[in-house]
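Shown next: my_file.json, given as JSON, C-alpha atoms.
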[["chain", "number", "residue", "atom", "x", "y", "z"],
["A", 957, "MET", "CA", 0.00, 0.00, 0.00],
["A", 958, "ASN", "CA", 1.24, 3.46, -0.84],
["A", 959, "ARG", "CA", 0.97, 5.20, 2.55],
["A", 960, "ARG", "CA", 1.44, 8.63, 1.01],
["A", 961, "ARG", "CA", -1.60, 8.22, -1.23],
["A", 962, "PHE", "CA", -3.67, 7.01, 1.74],
["A", 963, "PHE", "CA", -2.52, 9.95, 3.86],
["A", 964, "ILE", "CA", -3.77, 12.61, 1.42],
["A", 965, "PRO", "CA", -7.49, 11.71, 1.53],
["A", 966, "LEU", "CA", -7.33, 11.38, 5.32],
["A", 967, "PHE", "CA", -5.80, 14.84, 5.50],
["A", 968, "LEU", "CA", -8.50, 16.26, 3.22],
["A", 969, "CYS", "CA", -11.21, 14.65, 5.33],
["A", 970, "ALA", "CA", -9.75, 16.25, 8.44],
["A", 971, "VAL", "CA", -9.67, 19.66, 6.74],
["A", 972, "LEU", "CA", -13.27, 19.32, 5.54],
["A", 973, "PHE", "CA", -14.44, 18.24, 9.00],
["A", 974, "LEU", "CA", -12.75, 21.26, 10.57],
["A", 975, "PHE", "CA", -14.19, 23.57, 7.90],
["A", 976, "TRP", "CA", -17.75, 22.32, 8.43],
["A", 977, "THR", "CA", -17.39, 22.53, 12.21],
["A", 978, "VAL", "CA", -15.89, 26.01, 12.42],
["A", 979, "PHE", "CA", -17.83, 27.45, 9.48],
["A", 980, "PRO", "CA", -21.16, 25.57, 9.55],
["A", 981, "ALA", "CA", -22.99, 28.33, 7.62],
["A", 982, "TYR", "CA", -21.28, 27.13, 4.46],
["A", 983, "ALA", "CA", -22.95, 23.76, 4.89],
["A", 984, "GLY", "CA", -26.35, 25.40, 4.55],
["A", 985, "VAL", "CA", -28.56, 27.55, 6.73],
["A", 986, "LEU", "CA", -30.56, 24.62, 8.16],
["A", 987, "GLU", "CA", -27.39, 22.72, 9.09],
["A", 988, "ASP", "CA", -26.04, 25.89, 10.67],
["A", 989, "ILE", "CA", -29.18, 26.29, 12.79],
["A", 990, "LYS", "CA", -29.06, 22.70, 13.98],
["A", 991, "SER", "CA", -25.35, 22.85, 14.76],
["A", 992, "LYS", "CA", -25.91, 25.93, 16.91],
["A", 993, "GLY", "CA", -29.14, 24.61, 18.36],
["A", 994, "GLN", "CA", -30.80, 27.97, 17.83],
["A", 995, "LEU", "CA", -33.09, 29.59, 15.27],
["A", 996, "VAL", "CA", -32.79, 33.39, 15.02],
["A", 997, "VAL", "CA", -36.03, 34.96, 13.74],
["A", 998, "SER", "CA", -36.54, 38.56, 12.68],
["A", 999, "THR", "CA", -39.92, 40.09, 13.44],
["A", 1000, "ASP", "CA", -41.63, 43.38, 14.36],
["A", 1001, "ALA", "CA", -41.98, 44.56, 17.96],
["A", 1002, "ASN", "CA", -44.86, 46.91, 17.11],
["A", 1003, "TYR", "CA", -47.30, 45.04, 14.86],
["A", 1004, "ALA", "CA", -50.10, 43.77, 17.10],
["A", 1005, "PRO", "CA", -51.69, 41.26, 17.10],
["A", 1006, "GLN", "CA", -49.04, 39.59, 14.94],
["A", 1007, "SER", "CA", -46.07, 40.66, 17.05],
["A", 1008, "PHE", "CA", -45.70, 43.13, 19.91],
["A", 1009, "LEU", "CA", -44.21, 43.63, 23.37],
["A", 1010, "ASN", "CA", -46.61, 42.48, 26.08],
["A", 1011, "ASP", "CA", -46.98, 43.86, 29.61],
["A", 1012, "LYS", "CA", -43.94, 41.84, 30.70],
["A", 1013, "GLY", "CA", -41.79, 43.37, 27.97],
["A", 1014, "GLN", "CA", -41.71, 40.08, 26.06],
["A", 1015, "LEU", "CA", -42.49, 39.55, 22.39],
["A", 1016, "ASP", "CA", -45.95, 38.08, 21.93],
["A", 1017, "GLY", "CA", -48.51, 37.55, 19.18],
["A", 1018, "PHE", "CA", -49.48, 35.32, 16.29],
["A", 1019, "ASP", "CA", -46.15, 35.53, 14.43],
["A", 1020, "ILE", "CA", -44.28, 34.93, 17.68],
["A", 1021, "ASP", "CA", -46.27, 31.80, 18.46],
["A", 1022, "VAL", "CA", -45.81, 30.54, 14.90],
["A", 1023, "SER", "CA", -42.05, 31.14, 15.17],
["A", 1024, "LYS", "CA", -41.86, 29.23, 18.45],
["A", 1025, "GLU", "CA", -43.71, 26.32, 16.89],
["A", 1026, "VAL", "CA", -41.28, 26.25, 13.94],
["A", 1027, "ALA", "CA", -38.30, 26.19, 16.32],
["A", 1028, "LYS", "CA", -39.95, 23.43, 18.36],
["A", 1029, "ARG", "CA", -40.46, 21.27, 15.27],
["A", 1030, "LEU", "CA", -36.86, 21.87, 14.22],
["A", 1031, "GLY", "CA", -35.75, 20.77, 17.67],
["A", 1032, "VAL", "CA", -33.89, 24.00, 18.49],
["A", 1033, "LYS", "CA", -34.19, 27.03, 20.77],
["A", 1034, "ILE", "CA", -35.39, 30.38, 19.46],
["A", 1035, "LYS", "CA", -34.08, 33.92, 19.55],
["A", 1036, "PHE", "CA", -35.85, 37.02, 18.22],
["A", 1037, "VAL", "CA", -34.37, 40.17, 16.67],
["A", 1038, "THR", "CA", -36.28, 43.25, 15.50],
["A", 1039, "PRO", "CA", -34.47, 45.01, 12.62],
["A", 1040, "ASP", "CA", -36.28, 47.62, 10.52],
["A", 1041, "TRP", "CA", -38.61, 46.12, 7.95],
["A", 1042, "ASP", "CA", -36.83, 47.71, 4.97],
["A", 1043, "LEU", "CA", -33.64, 45.89, 6.02],
["A", 1044, "ILE", "CA", -35.47, 42.57, 6.11],
["A", 1045, "VAL", "CA", -37.03, 42.87, 2.65],
["A", 1046, "ALA", "CA", -33.72, 44.09, 1.18],
["A", 1047, "GLY", "CA", -32.08, 40.68, 1.69],
["A", 1048, "LYS", "CA", -28.34, 40.08, 2.26],
["A", 1049, "TRP", "CA", -28.77, 39.62, 6.00],
["A", 1050, "ALA", "CA", -25.16, 38.45, 6.52],
["A", 1051, "ALA", "CA", -26.47, 35.65, 8.79],
["A", 1052, "ARG", "CA", -27.56, 38.16, 11.44],
["A", 1053, "TRP", "CA", -30.84, 36.24, 11.53],
["A", 1054, "ASP", "CA", -31.91, 32.99, 9.89],
["A", 1055, "LEU", "CA", -35.56, 33.50, 9.07],
["A", 1056, "SER", "CA", -38.18, 36.23, 8.81],
["A", 1057, "ILE", "CA", -41.56, 35.33, 10.27],
["A", 1058, "GLY", "CA", -43.09, 38.76, 10.11],
["A", 1059, "SER", "CA", -46.13, 38.51, 7.83],
["A", 1060, "MET", "CA", -44.23, 39.03, 4.57],
["A", 1061, "THR", "CA", -46.14, 39.07, 1.28],
["A", 1062, "ILE", "CA", -44.71, 37.41, -1.83],
["A", 1063, "THR", "CA", -43.85, 39.98, -4.50],
["A", 1064, "GLY", "CA", -41.68, 39.76, -7.60],
["A", 1065, "ALA", "CA", -39.17, 42.28, -6.25],
["A", 1066, "ARG", "CA", -38.77, 40.50, -2.93],
["A", 1067, "ALA", "CA", -38.44, 37.10, -4.59],
["A", 1068, "LYS", "CA", -35.20, 38.33, -6.15],
["A", 1069, "VAL", "CA", -33.52, 38.60, -2.73],
["A", 1070, "VAL", "CA", -35.36, 36.16, -0.45],
["A", 1071, "ASP", "CA", -36.74, 32.65, -0.74],
["A", 1072, "PHE", "CA", -40.35, 32.22, 0.38],
["A", 1073, "SER", "CA", -42.05, 29.41, 2.22],
["A", 1074, "SER", "CA", -45.62, 28.48, 1.42],
["A", 1075, "PRO", "CA", -48.19, 30.86, 3.05],
["A", 1076, "TYR", "CA", -49.14, 30.34, 6.68],
["A", 1077, "TYR", "CA", -52.04, 32.82, 6.68],
["A", 1078, "TYR", "CA", -53.78, 35.54, 4.65],
["A", 1079, "THR", "CA", -54.68, 39.13, 5.48],
["A", 1080, "PRO", "CA", -56.68, 41.97, 3.87],
["A", 1081, "ALA", "CA", -55.07, 45.30, 2.94],
["A", 1082, "GLN", "CA", -57.35, 47.97, 4.38],
["A", 1083, "PHE", "CA", -57.61, 51.78, 4.30],
["A", 1084, "GLY", "CA", -58.58, 53.59, 7.48],
["A", 1085, "VAL", "CA", -59.23, 57.14, 8.67],
["A", 1086, "HIS", "CA", -59.55, 58.97, 11.97],
["A", 1087, "LYS", "CA", -62.82, 58.22, 13.74],
["A", 1088, "LYS", "CA", -63.89, 61.87, 13.52],
["A", 1089, "ASN", "CA", -63.29, 62.13, 9.77],
["A", 1090, "THR", "CA", -66.45, 62.92, 7.78],
["A", 1091, "THR", "CA", -65.01, 63.72, 4.34],
["A", 1092, "ILE", "CA", -63.55, 60.33, 3.35],
["A", 1093, "LYS", "CA", -66.42, 57.88, 3.03],
["A", 1094, "LYS", "CA", -65.26, 55.83, 0.05],
["A", 1095, "LEU", "CA", -61.93, 54.96, -1.58],
["A", 1096, "ASP", "CA", -62.25, 57.65, -4.27],
["A", 1097, "ASP", "CA", -62.26, 60.30, -1.54],
["A", 1098, "PHE", "CA", -58.57, 59.62, -0.81],
["A", 1099, "SER", "CA", -57.56, 61.49, -3.98],
["A", 1100, "GLY", "CA", -55.31, 64.40, -2.97],
["A", 1101, "LYS", "CA", -55.09, 63.16, 0.61],
["A", 1102, "THR", "CA", -52.07, 61.97, 2.59],
["A", 1103, "VAL", "CA", -51.95, 58.30, 3.56],
["A", 1104, "GLY", "CA", -49.56, 56.91, 6.17],
["A", 1105, "LEU", "CA", -47.98, 53.49, 5.65],
["A", 1106, "GLY", "CA", -44.98, 51.37, 6.57],
["A", 1107, "SER", "CA", -41.70, 51.49, 4.67],
["A", 1108, "GLY", "CA", -40.87, 48.54, 2.43],
["A", 1109, "THR", "CA", -44.44, 47.19, 2.53],
["A", 1110, "THR", "CA", -46.75, 46.22, -0.32],
["A", 1111, "TYR", "CA", -48.81, 49.22, 0.79],
["A", 1112, "GLU", "CA", -45.96, 51.53, -0.21],
["A", 1113, "THR", "CA", -45.86, 49.91, -3.66],
["A", 1114, "TYR", "CA", -49.63, 50.16, -3.98],
["A", 1115, "MET", "CA", -49.55, 53.89, -3.29],
["A", 1116, "ASP", "CA", -46.68, 54.56, -5.74],
["A", 1117, "PRO", "CA", -48.12, 55.54, -9.14],
["A", 1118, "ASP", "CA", -44.85, 54.58, -10.84],
["A", 1119, "GLN", "CA", -44.95, 50.97, -9.64],
["A", 1120, "THR", "CA", -47.19, 48.00, -10.32],
["A", 1121, "LEU", "CA", -48.01, 45.73, -7.43],
["A", 1122, "SER", "CA", -48.15, 42.04, -8.28],
["A", 1123, "ILE", "CA", -48.90, 39.43, -5.62],
["A", 1124, "GLY", "CA", -48.50, 35.76, -6.38],
["A", 1125, "GLY", "CA", -48.36, 36.55, -10.10],
["A", 1126, "GLU", "CA", -51.62, 38.50, -9.96],
["A", 1127, "LYS", "CA", -51.58, 42.20, -10.87],
["A", 1128, "ILE", "CA", -53.40, 44.32, -8.31],
["A", 1129, "ILE", "CA", -55.87, 46.87, -9.70],
["A", 1130, "TYR", "CA", -55.42, 50.23, -7.98],
["A", 1131, "GLN", "CA", -58.66, 51.61, -6.54],
["A", 1132, "VAL", "CA", -57.06, 54.65, -4.93],
["A", 1133, "LYS", "CA", -55.32, 57.19, -7.17],
["A", 1134, "GLY", "CA", -53.92, 60.67, -6.69],
["A", 1135, "ALA", "CA", -53.16, 60.23, -2.97],
["A", 1136, "LYS", "CA", -49.81, 61.09, -1.36],
["A", 1137, "SER", "CA", -47.82, 58.74, 0.86],
["A", 1138, "ARG", "CA", -46.30, 59.49, 4.24],
["A", 1139, "ILE", "CA", -43.74, 56.78, 5.00],
["A", 1140, "TYR", "CA", -43.10, 55.41, 8.50],
["A", 1141, "SER", "CA", -40.72, 52.77, 9.83],
["A", 1142, "THR", "CA", -43.69, 50.57, 10.78],
["A", 1143, "ASP", "CA", -47.41, 50.39, 10.13],
["A", 1144, "MET", "CA", -48.22, 51.06, 13.78],
["A", 1145, "GLU", "CA", -46.30, 54.35, 13.71],
["A", 1146, "ALA", "CA", -48.61, 55.43, 10.89],
["A", 1147, "VAL", "CA", -51.65, 54.39, 12.94],
["A", 1148, "GLN", "CA", -50.35, 56.20, 16.02],
["A", 1149, "ASP", "CA", -49.77, 59.41, 14.06],
["A", 1150, "LEU", "CA", -53.29, 59.26, 12.63],
["A", 1151, "ALA", "CA", -54.59, 58.94, 16.20],
["A", 1152, "LEU", "CA", -53.20, 62.42, 16.95],
["A", 1153, "GLY", "CA", -56.13, 63.88, 15.05],
["A", 1154, "ASP", "CA", -57.89, 63.96, 11.70],
["A", 1155, "GLY", "CA", -55.52, 65.57, 9.20],
["A", 1156, "VAL", "CA", -52.93, 66.52, 11.84],
["A", 1157, "ARG", "CA", -50.15, 64.49, 10.18],
["A", 1158, "SER", "CA", -52.10, 62.34, 7.75],
["A", 1159, "ASP", "CA", -55.61, 61.83, 6.45],
["A", 1160, "GLY", "CA", -55.60, 58.06, 6.60],
["A", 1161, "VAL", "CA", -53.57, 54.84, 6.68],
["A", 1162, "LEU", "CA", -53.17, 51.73, 4.57],
["A", 1163, "THR", "CA", -52.29, 48.63, 6.55],
["A", 1164, "SER", "CA", -53.53, 45.16, 7.45],
["A", 1165, "GLY", "CA", -57.22, 45.06, 8.28],
["A", 1166, "PHE", "CA", -56.33, 43.17, 11.44],
["A", 1167, "VAL", "CA", -53.98, 45.94, 12.56],
["A", 1168, "ILE", "CA", -56.89, 48.38, 12.26],
["A", 1169, "GLN", "CA", -59.21, 46.03, 14.17],
["A", 1170, "GLU", "CA", -56.64, 45.59, 16.93],
["A", 1171, "ALA", "CA", -56.15, 49.36, 17.17],
["A", 1172, "ILE", "CA", -59.93, 49.85, 17.51],
["A", 1173, "LYS", "CA", -60.03, 47.27, 20.32],
["A", 1174, "LYS", "CA", -57.38, 49.26, 22.15],
["A", 1175, "GLY", "CA", -59.34, 52.49, 21.86],
["A", 1176, "VAL", "CA", -57.44, 54.11, 18.98],
["A", 1177, "PRO", "CA", -59.80, 56.55, 17.19],
["A", 1178, "ILE", "CA", -59.67, 54.90, 13.77],
["A", 1179, "LYS", "CA", -62.22, 53.32, 11.43],
["A", 1180, "PRO", "CA", -61.96, 51.34, 8.17],
["A", 1181, "VAL", "CA", -62.99, 52.81, 4.81],
["A", 1182, "GLY", "CA", -64.32, 50.67, 1.98],
["A", 1183, "ALA", "CA", -63.65, 47.01, 1.33],
["A", 1184, "PRO", "CA", -60.12, 45.55, 1.41],
["A", 1185, "VAL", "CA", -58.21, 46.57, -1.73],
["A", 1186, "TYR", "CA", -56.42, 43.23, -1.97],
["A", 1187, "TYR", "CA", -55.60, 40.12, 0.06],
["A", 1188, "GLU", "CA", -52.06, 39.10, 0.91],
["A", 1189, "PRO", "CA", -50.65, 35.58, 1.30],
["A", 1190, "LEU", "CA", -48.18, 35.85, 4.21],
["A", 1191, "CYS", "CA", -45.03, 33.72, 4.23],
["A", 1192, "ALA", "CA", -41.75, 33.16, 6.03],
["A", 1193, "ALA", "CA", -38.61, 34.19, 4.15],
["A", 1194, "SER", "CA", -34.92, 33.28, 4.14],
["A", 1195, "ASP", "CA", -31.96, 35.14, 2.66],
["A", 1196, "ARG", "CA", -31.17, 34.03, -0.91],
["A", 1197, "ALA", "CA", -27.58, 35.21, -0.47],
["A", 1198, "ARG", "CA", -27.01, 32.51, 2.14],
["A", 1199, "PRO", "CA", -26.12, 28.92, 1.13],
["A", 1200, "GLY", "CA", -29.02, 26.51, 1.48],
["A", 1201, "SER", "CA", -31.64, 29.27, 1.60],
["A", 1202, "ALA", "CA", -34.06, 27.70, -0.89],
["A", 1203, "ALA", "CA", -33.90, 24.31, 0.83],
["A", 1204, "PHE", "CA", -34.50, 25.94, 4.21],
["A", 1205, "ALA", "CA", -37.51, 27.92, 2.93],
["A", 1206, "LYS", "CA", -38.91, 24.68, 1.51],
["A", 1207, "LYS", "CA", -38.40, 22.97, 4.87],
["A", 1208, "VAL", "CA", -40.23, 25.76, 6.71],
["A", 1209, "GLY", "CA", -43.02, 25.50, 4.13],
["A", 1210, "GLU", "CA", -43.29, 21.79, 4.89],
["A", 1211, "LEU", "CA", -43.58, 22.58, 8.58],
["A", 1212, "PHE", "CA", -46.34, 25.10, 7.79],
["A", 1213, "GLU", "CA", -48.18, 22.48, 5.73],
["A", 1214, "ALA", "CA", -48.01, 20.09, 8.68],
["A", 1215, "MET", "CA", -49.27, 22.86, 10.97],
["A", 1216, "HIS", "CA", -52.16, 23.51, 8.57],
["A", 1217, "LYS", "CA", -53.10, 19.81, 8.53],
["A", 1218, "ASP", "CA", -52.92, 19.22, 12.28],
["A", 1219, "GLY", "CA", -54.86, 22.39, 13.11],
["A", 1220, "THR", "CA", -52.03, 24.23, 14.86],
["A", 1221, "LEU", "CA", -52.22, 27.32, 12.62],
["A", 1222, "THR", "CA", -56.02, 27.44, 12.86],
["A", 1223, "LYS", "CA", -55.80, 27.28, 16.66],
["A", 1224, "LEU", "CA", -53.26, 30.11, 16.79],
["A", 1225, "SER", "CA", -55.28, 32.18, 14.30],
["A", 1226, "ILE", "CA", -58.44, 31.91, 16.40],
["A", 1227, "LYS", "CA", -56.41, 32.72, 19.53],
["A", 1228, "TRP", "CA", -55.06, 36.00, 18.10],
["A", 1229, "PHE", "CA", -57.63, 37.08, 15.48],
["A", 1230, "GLY", "CA", -60.82, 35.47, 16.70],
["A", 1231, "LEU", "CA", -61.28, 33.65, 13.38],
["A", 1232, "ASP", "CA", -59.46, 31.29, 11.05],
["A", 1233, "ILE", "CA", -57.51, 33.27, 8.44],
["A", 1234, "THR", "CA", -55.15, 30.44, 7.49],
["A", 1235, "LYS", "CA", -57.12, 29.53, 4.37],
["A", 1236, "LYS", "CA", -56.81, 31.28, 1.01],
["A", 1237, "ILE", "CA", -59.29, 34.14, 0.60],
["A", 1238, "LYS", "CA", -60.73, 34.60, -2.88]]
Render the structure in this file as structure tokens.
Amino acid sequence: MNRRRFFIPLFLCAVLFLFWTVFPAYAGVLEDIKSKGQLVVSTDANYAPQSFLNDKGQLDGFDIDVSKEVAKRLGVKIKFVTPDWDLIVAGKWAARWDLSIGSMTITGARAKVVDFSSPYYYTPAQFGVHKKNTTIKKLDDFSGKTVGLGSGTTYETYMDPDQTLSIGGEKIIYQVKGAKSRIYSTDMEAVQDLALGDGVRSDGVLTSGFVIQEAIKKGVPIKPVGAPVYYEPLCAASDRARPGSAAFAKKVGELFEAMHKDGTLTKLSIKWFGLDITKKIK
């Protein structure tokens, strides 16, 4: 036996073992998560009832519970981070977090930088105004008005006359034209500014219908206007710039499918929204 020839593959195996141990991210995001025993999820700390800080200062809500269930089924611990939304949808996370479970809608632009799971629930996009407003009674009345909305959201694209919003391959027909946008870091900041008074900083908001409902429950002087302008399929997302991203997104989608089938998502939906919004809305 040529001992020198036998030594070379053993040496290469040792190098590869060391490489995969010290730099597990190169093996794929899922392998990295399992090797660390921890899933890092990015979400929003001010997006009730999906995600928010409760009275104990802890993250709580539908997205938080869904995230915990994903970590449980992966057999790892969970850690949450709350970067700005525009950083999340921009991709190239540099492994600062592994997964976004923050009610992200599939769009063509986002699909270029992140890989999506299958949807875990659906939500309506809804316009709202201050409770004391008497001039905006239908969607056409928003023409010339200022509408508050979150940065990097589908709502921002919807309000931009130079862009076309397409969700799941379907082009959204704009029912509100000629309105101006006021951009905020989060949807709730837009809602909170509207609460200061009718027309004080904005004339209305565009956000999730469930965000408006939650705000009303908490006494915020806001009311919906018109029917939802579109419905959004909400998904988890992983960073396409990271090795193994597509496979990881597929794995999370498989976990969501299992959670759909065993009733877990329905149970969590009823807990936080009072109804089951985990099925596709036509």
List the spatial neighbours of Thr1102 in chain A as an MDAnalysis selection string - criterion: any atom at most 8 Å away, all atoms listed in the file, same-chain residues fewer than 5 positions off excluded.
chainID A and resid 1135:1138 1158:1160
Expected file: the selected residues, C-alpha atoms, as an mmCIF file, in the coordinates of the input:
data_model
loop_
_atom_site.group_PDB
_atom_site.id
_atom_site.type_symbol
_atom_site.label_atom_id
_atom_site.label_comp_id
_atom_site.auth_asym_id
_atom_site.auth_seq_id
_atom_site.Cartn_x
_atom_site.Cartn_y
_atom_site.Cartn_z
ATOM 1 C CA ALA A 1135 -53.160 60.230 -2.970
ATOM 2 C CA LYS A 1136 -49.810 61.090 -1.360
ATOM 3 C CA SER A 1137 -47.820 58.740 0.860
ATOM 4 C CA ARG A 1138 -46.300 59.490 4.240
ATOM 5 C CA SER A 1158 -52.100 62.340 7.750
ATOM 6 C CA ASP A 1159 -55.610 61.830 6.450
ATOM 7 C CA GLY A 1160 -55.600 58.060 6.600
#
(Q) So that I can see what lies close to range 1077-1092 of chain A, please list as number ranges by chain the residues with an atom at most 6 Å from it, counting only C-alpha atoms and leaving out residues fewer than 3 positions away in the same chain. (A) A: 1097, 1154, 1160-1165, 1177-1181, 1184-1190, 1233-1234
Show which residues sit within 12 Å of Leu1121 in chain A, as a PDB file with C-alpha atoms, in the frame of the given file. Count all atoms listed in the file, and ignore same-chain residues fewer than 6 positions away.
ATOM      1  CA  THR A1061     -46.140  39.070   1.280  1.00  0.00           C
ATOM      2  CA  ILE A1062     -44.710  37.410  -1.830  1.00  0.00           C
ATOM      3  CA  THR A1063     -43.850  39.980  -4.500  1.00  0.00           C
ATOM      4  CA  GLY A1064     -41.680  39.760  -7.600  1.00  0.00           C
ATOM      5  CA  ALA A1065     -39.170  42.280  -6.250  1.00  0.00           C
ATOM      6  CA  ARG A1066     -38.770  40.500  -2.930  1.00  0.00           C
ATOM      7  CA  THR A1109     -44.440  47.190   2.530  1.00  0.00           C
ATOM      8  CA  THR A1110     -46.750  46.220  -0.320  1.00  0.00           C
ATOM      9  CA  TYR A1111     -48.810  49.220   0.790  1.00  0.00           C
ATOM     10  CA  GLU A1112     -45.960  51.530  -0.210  1.00  0.00           C
ATOM     11  CA  THR A1113     -45.860  49.910  -3.660  1.00  0.00           C
ATOM     12  CA  TYR A1114     -49.630  50.160  -3.980  1.00  0.00           C
ATOM     13  CA  MET A1115     -49.550  53.890  -3.290  1.00  0.00           C
ATOM     14  CA  LYS A1127     -51.580  42.200 -10.870  1.00  0.00           C
ATOM     15  CA  ILE A1128     -53.400  44.320  -8.310  1.00  0.00           C
ATOM     16  CA  ILE A1129     -55.870  46.870  -9.700  1.00  0.00           C
ATOM     17  CA  TYR A1130     -55.420  50.230  -7.980  1.00  0.00           C
ATOM     18  CA  VAL A1185     -58.210  46.570  -1.730  1.00  0.00           C
ATOM     19  CA  TYR A1186     -56.420  43.230  -1.970  1.00  0.00           C
ATOM     20  CA  GLU A1188     -52.060  39.100   0.910  1.00  0.00           C
TER      21      GLU A1188
END
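Straight-line separation from CA of Ser1141 in chain A to CA of Asp1040 in chain A: 6.8 Å.
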Min atom-atom distance to Met1060 in chain A from the set A:Gln1169, A:Gln994, A:Gln1006, A:Thr1120, counting only C-alpha atoms, belongs to A:Gln1006
- Item | Neighbour list for Glu1025 in chain A as a list in words, cut-off 10 Å, only C-alpha atoms, skip fewer than 2 positions in-chain |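 In the requested format, the answer is Asp1019, Ile1020, Asp1021, Val1022, Ser1023, Ala1027, Lys1028, Arg1029, Leu1030, Gly1031, Ile1034, Leu1211, Phe1212, Met1215, Thr1220 and Leu1221 of chain A.
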Legend entry - Atom-to-atom span, CA of Pro1199 in chain A and CA of Tyr1076 in chain A, Å: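 Separating CA of Pro1199 in chain A from CA of Tyr1076 in chain A is a distance of 23.7 Å.
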Work out where the centre of an axis-aligned box around every listed atom of range 1167-1170 of chain A lies and how long its edges are once 5 Å is added on each side; give both in Å to one decimal as AutoDock Vina command-line options.
--center_x -56.6 --center_y 47.0 --center_z 14.6 --size_x 15.2 --size_y 12.8 --size_z 14.7
Distance of CA of Asp1016 in chain A from CA of Ser1056 in chain A, expressed in Å to one decimal place: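 Separating CA of Ser1056 in chain A from CA of Asp1016 in chain A is a distance of 15.4 Å.
Among the candidates A:Ile1057, A:Gly1219, A:Val1032, A:Ala1046, the residue lying nearest to Gly993 in chain A is A:Val1032 (atoms considered: all atoms listed in the file).
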**Prompt:** Smallest atom-to-atom distance to Leu1095 in chain A: which of A:Gly1047, A:Gly1230, A:Gly1175, A:Gly1134, using all atoms listed in the file?
**Reply:**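 The answer is A:Gly1134, which sits nearest to Leu1095 in chain A.
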**Neighbour list for Ala1004 in chain A as a PyMOL selection string, cut-off 7 Å, all atoms listed in the file, skip fewer than 6 positions in-chain** = chain A and resi 1017+1167+1170
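Here the question is which of A:Glu1145, A:Asp1042, A:Asp1071, A:Asp1011 gets nearest to Ala1203 in chain A using all atoms listed in the file, and that residue is A:Asp1071.
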Got a sec to check which residues sit within 6 Å of (-44.9, 28.1, 2.4), counting all atoms listed in the file, and write them as a short mmCIF file (atom, residue, chain, number, x, y, z; two decimals) with C-alpha atoms, in the frame of the given file?
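Saved result, part_18.cif, follows:
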data_model
loop_
_atom_site.label_atom_id
_atom_site.label_comp_id
_atom_site.auth_asym_id
_atom_site.auth_seq_id
_atom_site.Cartn_x
_atom_site.Cartn_y
_atom_site.Cartn_z
CA SER A 1073 -42.05 29.41 2.22
CA SER A 1074 -45.62 28.48 1.42
CA PRO A 1075 -48.19 30.86 3.05
CA CYS A 1191 -45.03 33.72 4.23
CA GLY A 1209 -43.02 25.50 4.13
#
Shortest contact to Ser1107 in chain A, candidates A:Thr1142, A:Gln1014, A:Asn1002, A:Gln1131, atoms counted all atoms listed in the file, goes to A:Thr1142
Task: Residues within 7 Å of (-52.0, 51.3, 15.5), counting only C-alpha atoms, listed as a ChimeraX atom specification - done: /A:1144-1145,1147-1148,1167-1168,1171
Among listed residues A:Leu1055, A:Phe1229, A:Val1176, A:Gly1106, nearest Leu986 in chain A (using all atoms listed in the file):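 Comparing A:Leu1055, A:Phe1229, A:Val1176, A:Gly1106 against Leu986 in chain A, the winner is A:Leu1055.
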How would range 1031-1041 of chain A look with N, CA and C atoms restored, written as a CSV table (one decimal), in the coordinates of the input?
chain,number,residue,atom,x,y,z
A,1031,GLY,N,-36.5,21.3,16.5
A,1031,GLY,CA,-35.8,20.8,17.7
A,1031,GLY,C,-34.7,21.7,18.2
A,1032,VAL,N,-34.9,23.0,18.0
A,1032,VAL,CA,-33.9,24.0,18.5
A,1032,VAL,C,-34.5,25.1,19.3
A,1033,LYS,N,-33.7,25.9,20.0
A,1033,LYS,CA,-34.2,27.0,20.8
A,1033,LYS,C,-34.4,28.2,19.8
A,1034,ILE,N,-35.1,29.2,20.3
A,1034,ILE,CA,-35.4,30.4,19.5
A,1034,ILE,C,-34.9,31.7,20.0
A,1035,LYS,N,-34.5,32.6,19.2
A,1035,LYS,CA,-34.1,33.9,19.6
A,1035,LYS,C,-34.7,34.9,18.6
A,1036,PHE,N,-35.2,36.0,19.1
A,1036,PHE,CA,-35.8,37.0,18.2
A,1036,PHE,C,-35.0,38.3,18.1
A,1037,VAL,N,-35.0,38.9,16.9
A,1037,VAL,CA,-34.4,40.2,16.7
A,1037,VAL,C,-35.4,41.0,15.9
A,1038,THR,N,-35.3,42.4,16.1
A,1038,THR,CA,-36.3,43.2,15.5
A,1038,THR,C,-35.7,44.3,14.6
A,1039,PRO,N,-35.0,44.0,13.5
A,1039,PRO,CA,-34.5,45.0,12.6
A,1039,PRO,C,-35.6,45.7,11.9
A,1040,ASP,N,-35.3,46.9,11.3
A,1040,ASP,CA,-36.3,47.6,10.5
A,1040,ASP,C,-36.7,46.8,9.3
A,1041,TRP,N,-38.0,46.9,9.0
A,1041,TRP,CA,-38.6,46.1,8.0
A,1041,TRP,C,-37.9,46.3,6.6
